[in-house]
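Engineer: Take a look at this one; I'll ask things after.
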Amino acid sequence: MSNLRSNIVSWLGRKYFSRIQKNGFDLSKMSFLPDATLAPLRRDGLDPIADLSRTRAKEPISKIWLPFGINAWLVTGYDETKAVLGKAKGFSSDFTNLAERNIGVAPQQNPGGLGFSDPPTHTRLRRLLTPEFTMRRLSRLTPLIHSIVEERLDEMAAAEGPVDLVEAFALPIPALVICELLGVPYEDRDDFQRHSTARFDLFSGANASLGAMSDSLSYLHGIVRKQRETPGDGLLGMLVKEHGDELDDQELAGLADGVLTGGLETTASMLALGTLVLLQAPEHFAAIRDHDDAVDPFVEELLRYLTVVQVAFPRFAREDMEIAGTRISAGDLVLCSLSGANRDEKLGPDMERVDPHRQAPSHLAFGYGIHRCIGAELAKMELRAAYPALIRRFPEMRLAVPAEKLSFRKLSIVYGVDELPVLLR
């Protein structure tokens with residue numbers, strides 16, 4: 001009977017997944033999904049994340065149900081999340097884990113790159129990419145970042161009436177920086193920005209998550225072909241010139257995809273949500289406006305508090321194991337809630353509020369272990385440049401609508417606010 005039930009659940013899961021790929025879906029209308037399954041993606045503005053807090057207090061590693069007949073676990077505790085993400089030999093992130101599950105994911109949908117790969121492939125790819133993301137190499141982008149920020153502020157200053165900070169400031173800054181870094185045309189930004197947003201948004205319609213990923217990779221494969229013919233001065237051109245014989249087109253496109261989508265939507269969300277925090281907290285606004293040494297701790301605390309990437313890449317257990325007293329079987333899927341882990345009460349008091357002066361262990365906003373975000377330092381550079389420049393240019397900035405009227409992404413892997421209308425004067 002149990003095998004029959006498992007087969008039926010798996011079949012239903014494949015049917016739903018096929019529908020998702022074709023038409024998109026609205027998880028909020030799927031009443032059969034338990035609250036625990038949706039908890040990692042459910043937030044309400046900047047309010048405390050109550051679902052995750054309750055789940056973590058009860059079981060920092062809890063069983064959740066997925067509509068694909070897959071045994072799955074949700075990890076919401078800080079120590080437990082570090083244990084999973086740091087156990088590279090015990091867990092696999094390779095895309096084949098999904099493709100082999102008979103849930104409608106095809107091997108050719110593998111985005112490549114670092115996120116869905118294991119050693120030794122992951123080790124080889126990261127070794128080629130890491131030199132370009134050291135602080136010494138990234139420091140050459142400092143003048144460019146400040147120039148881009150000032151250009152956006154100049155354009156905003158010329159506007160009359162309310163300004164949407166997402167469209168005018170938060171999105172263009174990382175888009176321009178990444179285009180320059182990769183060596184891709186900035187005029188294509190609307191296309192890859194749309195793909196980036198859709199792939200993380202579980203409410204996507206015709207462009208459901210995997211469809212958006214496919215569109216993004218198709219675009220990048222075209223860029224890779226052009227770079228093979230005429231290598232430019234950006235990261236892609238450098239990889240072609242120095243390691244072109246070591247990387248196939250799929251790997252090059254996958255690496256570019258990781259930088260493009262990993263550094264665009266996430267940084268843009270941090271810029272918009274972080275500004276919202278500042279606008280609602282006059283003491284932090286004044287500190288960033290008046291004191292340079294307040295910026296770094298504020299950025300680190302915002303990364304912890306906001307944790308816009310809510311869930312880490314899925315891990316599959318390679319073997320039977322026990323973590324924090326929980327038995328996990330080989331083949332089980334493990335999802336780590338980064339937003340849950342970063343608000344774990346074990347880290348200190350009042351983890352549901354912003355406190356730049358708190359003394360707590362390092363946050364997990366960029367992940368942990370071998371899959372920690374390779375572009376973490378670049379994101380911090382952009383945030384450190386943008387926040388103080390924005391509020392020093394517009395010290396009277398305020399929301400143009402009541403905070404309760406703002407619309408936030410629902411059930412998105414990358415959390416954010418849809419629009420942030422502000423008055424600058």
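The way I read the labels, and the way they are meant: chains A, B, ... in the order of the structure tokens, residue 1 as the first residue of every chain, and ligand 1 as the first ligand shown, with later ones counted on from there.
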Considering only C-alpha atoms, return as a list of chain:residue names whatever protein or nucleic-acid residues lie within 6 Å of A:Phe116, sequence-local ones (same chain, fewer than 2 positions apart) excluded.
Structural biologist: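 What passes the distance filter is A:Ser93, A:Asp94, A:Phe95, A:Leu114.
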Engineer: Filtering to C-alpha atoms, could you give me those residues as a PDB file, in the first residue's frame?
Structural biologist:
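After the write, out.pdb holds the following:
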```
ATOM      1  CA  SER A  93      24.124  19.832  -4.971  1.00  0.00           C
ATOM      2  CA  ASP A  94      24.504  18.360  -8.455  1.00  0.00           C
ATOM      3  CA  PHE A  95      21.634  19.015 -10.863  1.00  0.00           C
ATOM      4  CA  LEU A 114      28.755  26.563  -9.375  1.00  0.00           C
TER       5      LEU A 114
END
```
Engineer: Determine which residues of stretch 130-326 of chain A receive a DSSP assignment of strand (DSSP E or B), computed from the backbone, and state them as a list in words.
Structural biologist: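 The strand (DSSP E or B) residues within stretch 130-326 of chain A come out as Val163, Asp164, Asp201, Val309, Val311, Arg315, Phe316, Ala317, Met321, Glu322, Ile323 and Thr326 of chain A.
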Engineer: Taking only C-alpha atoms into account, which of A:Lys89, A:Thr326, A:Leu364, A:Asp296 comes nearest A:Gly340?
Structural biologist: A:Leu364
Engineer: May I have the residues within 9 Å of A:Ser53 as a PyMOL selection string, using only C-alpha atoms and disregarding those fewer than 2 positions away in the same chain?
Structural biologist: chain A and resi 48-51+55-58+76+340+343-345
Engineer: Can you work out the spacing between atom CA of A:Asp188 and atom CA of A:Ala157 in Å, to one decimal?
Structural biologist: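 Atom CA of A:Ala157 lies 25.4 Å from atom CA of A:Asp188.
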Engineer: Determine, counting only C-alpha atoms, which protein, DNA and RNA residues have an atom within 12 Å of an atom of A:Arg327; residues of the same chain fewer than 2 positions away are not included. Present the result as a list of chain:residue names.
Structural biologist: A:Ile61, A:Ser62, A:Lys63, A:Ala72, A:Trp73, A:Ala317, A:Glu319, A:Asp320, A:Met321, A:Glu322, A:Ile323, A:Ala324, A:Gly325, A:Ser329, A:Ala330, A:Asp332, A:Val334
Engineer: So the first atom is atom CA of A:Pro231 and the second is atom CA of A:Arg140; what is the distance between them in Å, to one decimal place?
Structural biologist: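 Atom CA of A:Pro231 sits 20.0 Å away from atom CA of A:Arg140.
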Engineer: What's the 7 Å shell around stretch 253-266 of chain A, counting only C-alpha atoms, without same-chain residues fewer than 3 positions away, as a list in words?
Structural biologist: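 Near neighbours after the sequence-gap exclusion: Pro111, Gly112, Gly113, Leu114, Pro174, Ala175, Ile178, Ser196, Thr197, Leu217, Leu220, His221, Val224, Asp249, Gln250, Ser269, Met270, Val308, Val309, Gly375, Ala379 and Val414 of chain A.
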